[in-house]
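Visitor: This is work.cif (mmCIF, C-alpha atoms).
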data_data
#
loop_
_atom_site.label_atom_id
_atom_site.label_comp_id
_atom_site.auth_asym_id
_atom_site.auth_seq_id
_atom_site.Cartn_x
_atom_site.Cartn_y
_atom_site.Cartn_z
CA MET A 1 86.02 99.26 -24.63
CA SER A 2 83.35 100.90 -26.80
CA SER A 3 83.02 100.37 -30.53
CA VAL A 4 83.96 104.03 -31.08
CA GLU A 5 87.24 103.48 -29.25
CA ASN A 6 87.88 100.31 -31.24
CA ARG A 7 87.23 102.15 -34.49
CA LEU A 8 89.58 104.91 -33.36
CA LYS A 9 92.27 102.34 -32.64
CA HIS A 10 91.72 100.86 -36.07
CA LEU A 11 92.21 104.33 -37.60
CA LEU A 12 95.40 104.82 -35.61
CA VAL A 13 96.79 101.59 -37.03
CA SER A 14 95.49 101.81 -40.59
CA ARG A 15 95.85 105.54 -41.24
CA LEU A 16 98.63 106.65 -38.90
CA ARG A 17 100.49 103.35 -38.80
CA VAL A 18 100.74 103.31 -35.01
CA ASP A 19 102.31 100.06 -33.79
CA PRO A 20 99.42 97.67 -32.96
CA ALA A 21 101.45 96.33 -30.04
CA ILE A 22 101.40 99.79 -28.42
CA LEU A 23 97.66 100.07 -28.97
CA ALA A 24 97.04 96.60 -27.60
CA ALA A 25 98.50 97.73 -24.31
CA SER A 26 96.51 100.97 -24.30
CA ASP A 27 93.14 101.94 -22.87
CA GLY A 28 90.93 105.00 -22.88
CA ASP A 29 93.34 106.87 -20.61
CA THR A 30 96.39 106.33 -22.79
CA CYS A 31 97.89 109.64 -23.91
CA LEU A 32 97.75 110.29 -27.65
CA LEU A 33 100.05 113.31 -27.90
CA GLY A 34 103.72 113.24 -26.96
CA GLN A 35 104.32 110.36 -24.57
CA GLY A 36 102.13 107.27 -24.90
CA ILE A 37 100.98 106.77 -28.49
CA GLY A 38 103.33 109.58 -29.47
CA LEU A 39 101.31 111.65 -31.93
CA ASP A 40 102.33 115.20 -32.75
CA SER A 41 100.07 118.10 -33.76
CA VAL A 42 100.10 117.18 -37.47
CA GLU A 43 99.27 113.56 -36.73
CA ALA A 44 96.41 114.81 -34.55
CA LEU A 45 95.14 116.62 -37.64
CA ALA A 46 95.58 113.45 -39.71
CA LEU A 47 93.53 111.61 -37.10
CA ALA A 48 90.87 114.35 -37.20
CA ILE A 49 90.64 114.00 -41.00
CA ALA A 50 90.37 110.21 -40.65
CA ILE A 51 87.63 110.62 -38.02
CA GLU A 52 85.69 112.96 -40.31
CA GLU A 53 85.75 110.34 -43.05
CA GLU A 54 85.11 107.34 -40.83
CA PHE A 55 82.25 108.79 -38.78
CA ASP A 56 80.94 111.32 -41.32
CA ILE A 57 81.22 114.19 -38.87
CA GLU A 58 83.07 117.48 -39.01
CA VAL A 59 85.80 118.35 -36.52
CA ASP A 60 85.58 122.12 -36.21
CA ASP A 61 88.77 124.16 -36.00
CA ALA A 62 87.65 125.39 -32.59
CA ASP A 63 87.57 121.78 -31.37
CA LEU A 64 90.99 120.94 -32.79
CA THR A 65 92.94 121.32 -29.56
CA ALA A 66 95.59 119.42 -27.63
CA ALA A 67 92.97 118.87 -24.91
CA LEU A 68 90.71 117.01 -27.34
CA PHE A 69 93.54 114.71 -28.41
CA GLU A 70 94.80 114.14 -24.90
CA THR A 71 93.68 110.50 -24.71
CA ILE A 72 91.84 107.92 -26.81
CA GLY A 73 88.96 108.28 -24.35
CA SER A 74 88.69 112.06 -24.83
CA VAL A 75 88.54 111.67 -28.62
CA ALA A 76 85.98 108.86 -28.30
CA ALA A 77 83.80 111.02 -26.04
CA TYR A 78 83.98 113.85 -28.58
CA VAL A 79 83.02 111.53 -31.45
CA ARG A 80 80.09 110.12 -29.46
CA ARG A 81 78.93 113.65 -28.66
CA ARG A 82 79.11 114.70 -32.31
CA LEU A 83 77.35 111.53 -33.43
CA GLY A 84 74.64 112.23 -30.88
CA GLN A 85 74.24 115.76 -32.21
CA ALA A 86 74.07 114.45 -35.77
CA CYS A 87 71.18 112.07 -34.96
CA MET B 1 99.87 142.36 -19.81
CA ARG B 2 102.84 143.76 -17.90
CA LEU B 3 104.93 146.50 -19.43
CA ALA B 4 108.29 144.81 -18.98
CA GLU B 5 110.38 142.22 -17.17
CA PRO B 6 114.05 142.81 -16.23
CA ARG B 7 115.27 140.76 -19.20
CA ASP B 8 113.39 143.04 -21.58
CA LEU B 9 116.07 145.69 -21.10
CA TYR B 10 118.55 143.30 -22.72
CA TYR B 11 116.14 142.65 -25.60
CA LEU B 12 115.74 146.40 -26.15
CA CYS B 13 119.53 146.80 -26.21
CA VAL B 14 119.75 144.12 -28.89
CA VAL B 15 117.09 145.90 -30.96
CA ALA B 16 118.96 149.21 -30.58
CA VAL B 17 122.25 147.60 -31.62
CA SER B 18 120.55 145.95 -34.59
CA ALA B 19 118.81 149.13 -35.73
CA LEU B 20 121.90 151.33 -35.38
CA GLY B 21 124.51 148.75 -36.38
CA GLY B 22 122.76 147.98 -39.64
CA ARG B 23 123.34 151.57 -40.78
CA LEU B 24 127.10 151.34 -40.35
CA PRO B 25 129.51 150.50 -43.17
CA SER B 26 130.56 146.85 -43.33
CA PRO B 27 133.91 147.08 -41.47
CA ALA B 28 132.29 149.08 -38.67
CA ARG B 29 129.49 146.50 -38.39
CA ASP B 30 132.08 143.76 -37.95
CA GLY B 31 133.94 145.89 -35.41
CA LEU B 32 130.78 146.56 -33.43
CA GLY B 33 129.87 142.85 -33.49
CA ARG B 34 133.37 141.91 -32.36
CA ALA B 35 133.39 144.46 -29.52
CA LEU B 36 129.98 143.37 -28.24
CA GLY B 37 130.91 139.70 -28.63
CA ARG B 38 134.03 140.28 -26.54
CA LEU B 39 132.01 142.08 -23.88
CA ALA B 40 129.39 139.30 -23.81
CA TYR B 41 132.15 136.69 -23.62
CA HIS B 42 133.47 138.25 -20.43
CA LEU B 43 130.08 139.03 -18.86
CA SER B 44 128.15 135.83 -19.67
CA ARG B 45 130.14 133.35 -17.60
CA THR B 46 127.50 130.63 -17.46
CA LYS B 47 126.93 130.75 -21.20
CA ARG B 48 130.68 130.78 -21.82
CA ARG B 49 131.18 127.68 -19.68
CA LEU B 50 128.40 125.86 -21.52
CA VAL B 51 129.85 126.83 -24.89
CA GLU B 52 133.34 125.72 -23.82
CA ARG B 53 132.03 122.39 -22.58
CA ASN B 54 129.95 121.66 -25.67
CA VAL B 55 132.63 122.77 -28.15
CA ALA B 56 135.10 120.48 -26.33
CA THR B 57 132.58 117.63 -26.51
CA ALA B 58 132.05 118.15 -30.24
CA PHE B 59 135.66 118.69 -31.32
CA GLY B 60 137.70 117.19 -28.49
CA PRO B 61 139.33 118.86 -25.45
CA GLY B 62 141.48 121.82 -26.42
CA GLU B 63 140.32 121.75 -30.05
CA ARG B 64 138.67 124.70 -31.75
CA VAL B 65 138.72 126.88 -28.63
CA ASP B 66 138.54 129.82 -31.03
CA VAL B 67 134.91 128.88 -31.62
CA VAL B 68 134.01 129.91 -28.07
CA HIS B 69 134.95 133.51 -28.93
CA THR B 70 133.53 133.56 -32.43
CA ALA B 71 130.17 132.15 -31.31
CA PHE B 72 129.69 135.23 -29.15
CA PHE B 73 130.78 137.51 -31.96
CA ASP B 74 128.51 135.80 -34.45
CA PHE B 75 125.45 136.26 -32.26
CA TRP B 76 125.88 140.03 -32.38
CA ARG B 77 126.84 140.00 -36.04
CA GLU B 78 123.64 138.06 -36.79
CA MET B 79 121.59 140.57 -34.81
CA ILE B 80 123.10 143.46 -36.77
CA SER B 81 122.45 141.62 -40.04
CA TRP B 82 118.69 141.96 -39.44
CA SER B 83 118.98 145.64 -40.27
CA GLU B 84 121.62 145.69 -42.99
CA ARG B 85 121.01 145.98 -46.69
CA LEU B 86 121.35 143.19 -49.20
CA PRO B 87 124.84 143.26 -50.76
CA ARG B 88 124.77 145.07 -54.11
CA GLU B 89 125.84 141.93 -55.92
CA GLY B 90 123.05 139.91 -54.27
CA ILE B 91 123.32 136.56 -52.53
CA PRO B 92 123.73 133.56 -54.83
CA ILE B 93 121.56 130.50 -54.24
CA VAL B 94 123.07 127.08 -54.75
CA GLY B 95 120.59 124.24 -55.31
CA LEU B 96 117.61 126.41 -56.22
CA GLU B 97 116.72 123.67 -58.71
CA HIS B 98 115.82 121.44 -55.77
CA LEU B 99 113.19 123.91 -54.65
CA ARG B 100 111.94 124.55 -58.19
CA GLY B 101 111.69 120.79 -58.74
CA ALA B 102 109.67 120.38 -55.54
CA LEU B 103 107.29 123.14 -56.61
CA ASP B 104 106.88 121.57 -60.05
CA ALA B 105 105.33 118.58 -58.27
CA GLY B 106 102.59 120.98 -57.08
CA ARG B 107 102.37 119.85 -53.48
CA GLY B 108 104.35 122.61 -51.86
CA ALA B 109 107.72 122.62 -50.15
CA ILE B 110 108.97 123.02 -46.60
CA LEU B 111 112.32 124.75 -46.16
CA TRP B 112 114.04 123.65 -42.99
CA GLU B 113 116.40 126.25 -41.57
CA SER B 114 118.28 126.16 -38.29
CA ALA B 115 117.17 128.33 -35.39
CA GLY B 116 120.77 129.10 -34.48
CA PHE B 117 122.99 128.63 -37.50
CA GLY B 118 123.87 130.92 -40.38
CA ARG B 119 122.10 134.06 -41.55
CA ARG B 120 118.35 133.49 -41.42
CA LEU B 121 117.04 136.82 -42.69
CA GLN B 122 119.61 137.07 -45.46
CA CYS B 123 118.38 133.68 -46.62
CA LYS B 124 114.83 135.05 -47.00
CA ARG B 125 116.19 138.11 -48.76
CA ALA B 126 117.98 135.96 -51.31
CA LEU B 127 114.94 133.74 -51.85
CA ASN B 128 112.72 136.80 -52.20
CA ALA B 129 115.11 138.26 -54.78
CA ALA B 130 114.87 134.95 -56.67
CA GLY B 131 111.08 135.26 -56.74
CA ILE B 132 110.38 132.67 -54.03
CA ALA B 133 107.47 133.69 -51.79
CA VAL B 134 108.20 132.17 -48.41
CA HIS B 135 105.56 131.63 -45.70
CA GLN B 136 107.61 131.91 -42.53
CA ILE B 137 106.47 129.91 -39.49
CA HIS B 138 107.37 131.18 -36.02
CA GLY B 139 106.83 129.65 -32.61
CA PRO B 140 104.92 131.50 -29.90
CA ASN B 141 108.14 132.47 -28.13
CA HIS B 142 109.82 133.82 -31.27
CA LEU B 143 111.74 137.06 -30.89
CA GLY B 144 113.59 137.34 -34.17
CA GLY B 145 117.05 135.97 -33.71
CA LEU B 146 116.68 136.03 -29.95
CA LEU B 147 115.43 133.28 -27.72
CA ASP B 148 112.60 134.25 -25.43
CA GLU B 149 113.99 132.22 -22.58
CA ASP B 150 111.49 132.87 -19.83
CA ARG B 151 108.39 133.27 -22.01
CA PHE B 152 106.88 136.17 -20.14
CA ARG B 153 104.35 138.06 -22.18
CA THR B 154 105.07 141.76 -21.89
CA ARG B 155 104.27 144.77 -24.02
CA THR B 156 107.98 145.42 -24.46
CA ARG B 157 108.51 141.92 -25.78
CA ALA B 158 105.63 142.40 -28.23
CA LEU B 159 107.43 145.53 -29.42
CA VAL B 160 110.70 143.62 -29.88
CA ARG B 161 108.86 140.96 -31.83
CA ARG B 162 107.24 143.63 -34.02
CA PHE B 163 110.69 145.03 -34.78
CA PHE B 164 112.00 141.71 -36.07
CA ASP B 165 108.76 140.75 -37.81
CA GLY B 166 108.73 144.12 -39.56
CA ARG B 167 112.15 143.45 -41.02
CA GLU B 168 111.29 139.93 -42.05
CA ARG B 169 107.92 140.85 -43.55
CA ARG B 170 109.69 142.78 -46.31
CA PHE B 171 111.08 139.55 -47.70
CA VAL B 172 108.43 136.93 -47.02
CA ALA B 173 104.91 136.41 -48.33
CA ASP B 174 103.48 135.88 -44.87
CA ILE B 175 104.40 135.15 -41.27
CA VAL B 176 102.49 132.31 -39.63
CA ASP B 177 102.56 132.53 -35.84
CA LEU B 178 102.00 129.27 -34.01
CA PRO B 179 99.53 129.82 -31.18
CA ALA B 180 100.52 129.99 -27.53
CA SER B 181 97.22 128.24 -26.71
CA ASP B 182 96.67 124.49 -27.12
CA SER B 183 94.83 124.98 -30.43
CA LEU B 184 96.01 122.69 -33.23
CA ALA B 185 93.95 124.40 -35.93
CA PHE B 186 97.12 125.95 -37.36
CA THR B 187 98.00 122.53 -38.78
CA ARG B 188 94.97 122.73 -41.09
CA ASP B 189 96.11 126.16 -42.22
CA LEU B 190 99.63 124.86 -42.98
CA LEU B 191 98.21 121.91 -44.88
CA ALA B 192 95.99 124.23 -46.94
CA ARG B 193 98.98 126.42 -47.79
CA LEU B 194 100.95 123.40 -49.03
CA ALA B 195 97.92 122.31 -51.08
CA ARG B 196 98.22 125.71 -52.79
CA ASN B 197 101.86 124.85 -53.56
CA ALA B 198 103.27 127.33 -51.05
CA VAL B 199 106.81 127.38 -49.70
CA LEU B 200 106.80 127.12 -45.92
CA CYS B 201 109.90 127.83 -43.87
CA SER B 202 110.35 126.51 -40.36
CA THR B 203 113.18 125.63 -38.03
CA GLY B 204 114.35 122.03 -38.18
CA ASP B 205 116.01 122.29 -34.79
CA GLY B 206 113.29 124.29 -33.07
CA ARG B 207 111.94 123.02 -29.80
CA VAL B 208 108.27 123.85 -30.18
CA GLY B 209 106.06 120.83 -30.66
CA GLN B 210 103.81 118.22 -29.16
CA ARG B 211 106.50 115.67 -29.77
CA LEU B 212 110.24 116.09 -29.48
CA VAL B 213 112.62 113.32 -30.50
CA PRO B 214 116.07 113.06 -28.84
CA LEU B 215 118.87 112.49 -31.33
CA PRO B 216 122.67 112.40 -31.14
CA PHE B 217 123.98 115.77 -32.23
CA LEU B 218 127.48 117.24 -31.95
CA GLY B 219 128.47 114.71 -29.31
CA ARG B 220 125.44 115.45 -27.16
CA THR B 221 121.75 114.62 -27.41
CA THR B 222 119.38 117.27 -28.67
CA LEU B 223 115.62 117.38 -29.17
CA PHE B 224 114.13 117.75 -32.64
CA ALA B 225 110.43 118.43 -33.25
CA SER B 226 108.61 115.92 -35.45
CA GLY B 227 105.80 118.12 -36.78
CA MET B 228 107.25 119.23 -40.10
CA VAL B 229 108.20 115.68 -41.09
CA ASN B 230 104.63 114.56 -40.60
CA LEU B 231 103.29 117.67 -42.33
CA ALA B 232 105.47 116.90 -45.36
CA LYS B 233 104.20 113.30 -45.35
CA LEU B 234 100.56 114.33 -44.99
CA ALA B 235 100.77 116.94 -47.75
CA GLY B 236 103.14 115.02 -50.02
CA ALA B 237 105.42 118.06 -49.88
CA SER B 238 109.20 118.05 -50.10
CA LEU B 239 111.30 118.80 -47.06
CA LEU B 240 114.44 120.72 -48.03
CA PRO B 241 117.15 121.82 -45.60
CA VAL B 242 118.38 125.35 -46.31
CA PHE B 243 121.48 127.11 -45.03
CA CYS B 244 122.95 130.59 -45.45
CA VAL B 245 126.72 130.49 -44.95
CA PHE B 246 129.88 132.19 -46.16
CA GLY B 247 131.62 130.80 -49.23
CA ASN B 248 135.39 130.58 -49.73
CA ASP B 249 135.30 134.08 -51.18
CA GLY B 250 133.85 135.41 -47.92
CA ARG B 251 130.51 136.17 -49.55
CA LEU B 252 127.23 134.87 -48.24
CA ARG B 253 125.45 132.19 -50.19
CA VAL B 254 122.26 130.25 -49.69
CA VAL B 255 122.38 126.49 -50.11
CA VAL B 256 119.13 124.62 -50.75
CA GLU B 257 119.89 120.96 -50.17
CA ALA B 258 118.20 118.07 -51.96
CA PRO B 259 114.89 116.97 -50.43
CA LEU B 260 115.24 114.67 -47.44
CA ARG B 261 114.39 111.06 -48.18
CA ILE B 262 111.08 110.03 -46.65
CA ASP B 263 111.00 106.26 -47.06
CA ARG B 264 107.56 104.88 -46.42
CA GLY B 265 108.15 101.74 -44.45
CA PRO B 266 106.08 99.65 -42.09
CA ASP B 267 107.67 101.24 -39.03
CA ARG B 268 106.35 104.75 -38.43
CA GLU B 269 108.83 105.48 -35.64
CA GLN B 270 111.84 104.38 -37.64
CA GLU B 271 110.65 106.43 -40.61
CA LEU B 272 110.34 109.57 -38.45
CA ARG B 273 113.72 109.07 -36.80
CA SER B 274 115.36 108.43 -40.16
CA VAL B 275 114.19 111.78 -41.57
CA LEU B 276 115.07 113.71 -38.43
CA GLN B 277 118.46 112.02 -38.29
CA GLN B 278 119.15 112.98 -41.92
CA TYR B 279 118.54 116.60 -40.97
CA ALA B 280 120.50 116.40 -37.72
CA SER B 281 123.49 114.84 -39.53
CA LEU B 282 123.39 117.45 -42.28
CA LEU B 283 123.12 120.34 -39.82
CA GLU B 284 125.97 118.86 -37.79
CA ALA B 285 128.14 118.63 -40.91
CA TYR B 286 127.47 122.31 -41.66
CA ILE B 287 128.20 123.33 -38.08
CA ARG B 288 131.45 121.35 -38.08
CA ARG B 289 132.43 123.15 -41.30
CA TRP B 290 131.36 126.60 -40.00
CA PRO B 291 131.33 126.23 -36.17
CA GLU B 292 131.67 129.98 -35.72
CA LEU B 293 128.25 130.47 -37.35
CA TYR B 294 126.45 128.36 -34.72
CA ARG B 295 124.95 130.49 -31.98
CA ASN B 296 123.34 127.76 -29.89
CA TRP B 297 126.38 125.92 -28.58
CA HIS B 298 125.22 126.70 -25.06
CA LEU B 299 121.84 125.02 -25.63
CA LEU B 300 123.13 121.58 -26.66
CA GLY B 301 121.74 118.92 -24.37
CA GLU B 302 119.41 121.43 -22.72
CA PHE B 303 116.04 120.08 -21.55
CA LEU B 304 117.53 116.61 -20.99
CA ASP B 305 119.18 115.53 -17.76
CA ASP B 306 122.26 113.29 -17.86
CA ARG B 307 120.26 110.11 -17.38
CA GLU B 308 117.81 110.99 -20.18
CA GLU B 309 120.69 111.92 -22.44
CA ARG B 310 122.47 108.61 -21.86
CA ALA B 311 119.21 106.68 -22.38
CA ALA B 312 118.59 108.52 -25.65
#
Once more with this new file: its structure as C-alpha cells, please.

Guide:
Amino acid sequence: MSSVENRLKHLLVSRLRVDPAILAASDGDTCLLGQGIGLDSVEALALAIAIEEEFDIEVDDADLTAALFETIGSVAAYVRRRLGQAC
Amino acid sequence: MRLAEPRDLYYLCVVAVSALGGRLPSPARDGLGRALGRLAYHLSRTKRRLVERNVATAFGPGERVDVVHTAFFDFWREMISWSERLPREGIPIVGLEHLRGALDAGRGAILWESAGFGRRLQCKRALNAAGIAVHQIHGPNHLGGLLDEDRFRTRTRALVRRFFDGRERRFVADIVDLPASDSLAFTRDLLARLARNAVLCSTGDGRVGQRLVPLPFLGRTTLFASGMVNLAKLAGASLLPVFCVFGNDGRLRVVVEAPLRIDRGPDREQELRSVLQQYASLLEAYIRRWPELYRNWHLLGEFLDDREERAA
C-alpha cells in the first residue's frame, strides 16, 4: 500500500475517527461512502478538508463527487495526480 | 425532457386542489380535505393496507383504527394548507429560545423537521413571522408535500415543483436544492452557510443520503440519513428538532425542541446512532401523540426487506 494511502488511512482515523479495526481490514478497493468505511457526503467533505491540509493541495468543488470518494484507492489516485500537478 | 408521465396527472390534481382549496373558508377546506381523504381511502387499496398494517404494528391490533382514515384526510388537508393564509392571530412558537440560544453561539443551527408529519409550510410561516430566516434544503426528488415516487424528470413535474417552491419561497430566505448528480460540493455550501450563522432546515426522516442508518421506529425499522448529524458536528452547529402540531385549543403551534445531545465519544458509530435515535424517539413520541398528523404510515419499513429489518 502506498504512503499516500497510509496517510489517508491515518486521516480517516485521526480526523474522522473511523474504527482502526475496519481500516486494518481494508485495501484500496474498500468503499468509502455508504457500505464499507461508511462515510456520508459531509464526512467526505471533512476528509477533503483534511486532505487539503495534509497534502497542501486544493480539492476543487468540481472534483468533490461521490465517484472521487468511492474507494480509498480512488482518493489516493486523485491526491497523487494533484501532487504531480503541483510539482 | 419528456412532457409528462401518467403519474403527473395526479400531481397536477393535487396542485389544483391546493390552489383552489386554499381560497376556501376554513370549514370548507376541512370538508374538501375530508371528502378527498375518503375518496383516496377507498381508491388507494395498497396504501390503505400498508397504513392498516403499520398502524396495527405501532399501536396493537385493533387499536387506533381511526388513524387509517385520518391519515388520508390529513394528507389532503396538508396539501391545501400550502395555499392558505396564516391565521390572523399568527402561529405561536414554543421553545424559540432554543433556536435563539443556538444562534447566539454563532455557529448556525439546523432545524430538523419531519418529511411526513405536521404542517411544514406553516412552520416556516411562523418562523418567518418571528424574524427567523430559514434556508430550506430539499432533496432532488422534492415535490412540495408530495413524494416523487418514480423520480422521472418531466416538464410537468418541474412545474409542480415550481408551484410548491413558489409558495415556500415567500417564507424562507433561500431554497437549497440538493443535486441529482453525484456532486458533493453542496456540502461545502451548507458548511459556509452555517459559518455565517444561518438557520438551515432539513428533514430528519428524509431518505436522501450517501448513508442511511436503520433504526427502530413505530414498531418497524426505518432508515434515517446521517448527513445532518455530521454537518452539525463539522460546523459546531446545533441540531434542533422542530414540529408544527395542533395544541389543545385546536390552534397550530410550532415547537422548537432543545438541541439534540451530540456526545463526543471514542466511538463514531455509536455517537451517530445516539443522535439519530434521539430524533427517531422524539418523532415517534410526537406521532404517537398526534398519529393523525403522520402522512407516511404506508412508508414505514419501506426499502428494507424482512430479513434486513430483523437484522437491524

Visitor: Quick one: everything within 7 Å of Arg220 in chain B, counting all atoms listed in the file, minus sequence neighbours fewer than 4 positions away in the same chain. Send it as a ChimeraX atom specification.

Guide: /B:216,300-301

Visitor: Quick one: pull the distance between CA of Ala76 in chain A and CA of Glu52 in chain A, Å, one decimal.

Guide: 12.7 Å

Visitor: Between B:Ser183, B:Leu299, B:Asn197, B:Arg273, single out the one closest to Asp63 in chain A, counting only C-alpha atoms.

Guide: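 Residue with the minimum atom-to-atom distance to Asp63 in chain A: B:Ser183.
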
Visitor: I'd like the neighbourhood of Cys123 in chain B as a ChimeraX atom specification, where a residue qualifies if any of its atoms comes within 9 Å (using only C-alpha atoms), though same-chain residues fewer than 5 positions away should be ignored.

Guide: /B:91,93,118,128,242-244,253-255

Visitor: Give me, as a list in words, the residues of chain A touching chain B, with the criterion being at most 6 Å (counting all atoms listed in the file).

Guide: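 Close enough to count are Gly34, Asp40, Ser41, Val42, Asp61, Leu64, Thr65 and Ala66 of chain A.
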
Visitor: Between CA of Ala258 in chain B and CA of Arg15 in chain A, what is the distance, to one decimal in Å?

Guide: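 Interatomic distance here is 27.8 Å.
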
Visitor: Take CA of Ala16 in chain B and CA of Cys201 in chain B and report the distance between them in Å, one decimal.

Guide: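 Result for CA of Ala16 in chain B versus CA of Cys201 in chain B: 26.8 Å, one decimal.
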
Visitor: Evaluate the PyMOL selection byres ((chain B and resi 126) around 12) and record the selected residues as a ChimeraX atom specification, following the chain and residue labels used in the document.

Guide: /B:85-94,96,119-125,127-134,170-172,242-244,252-256
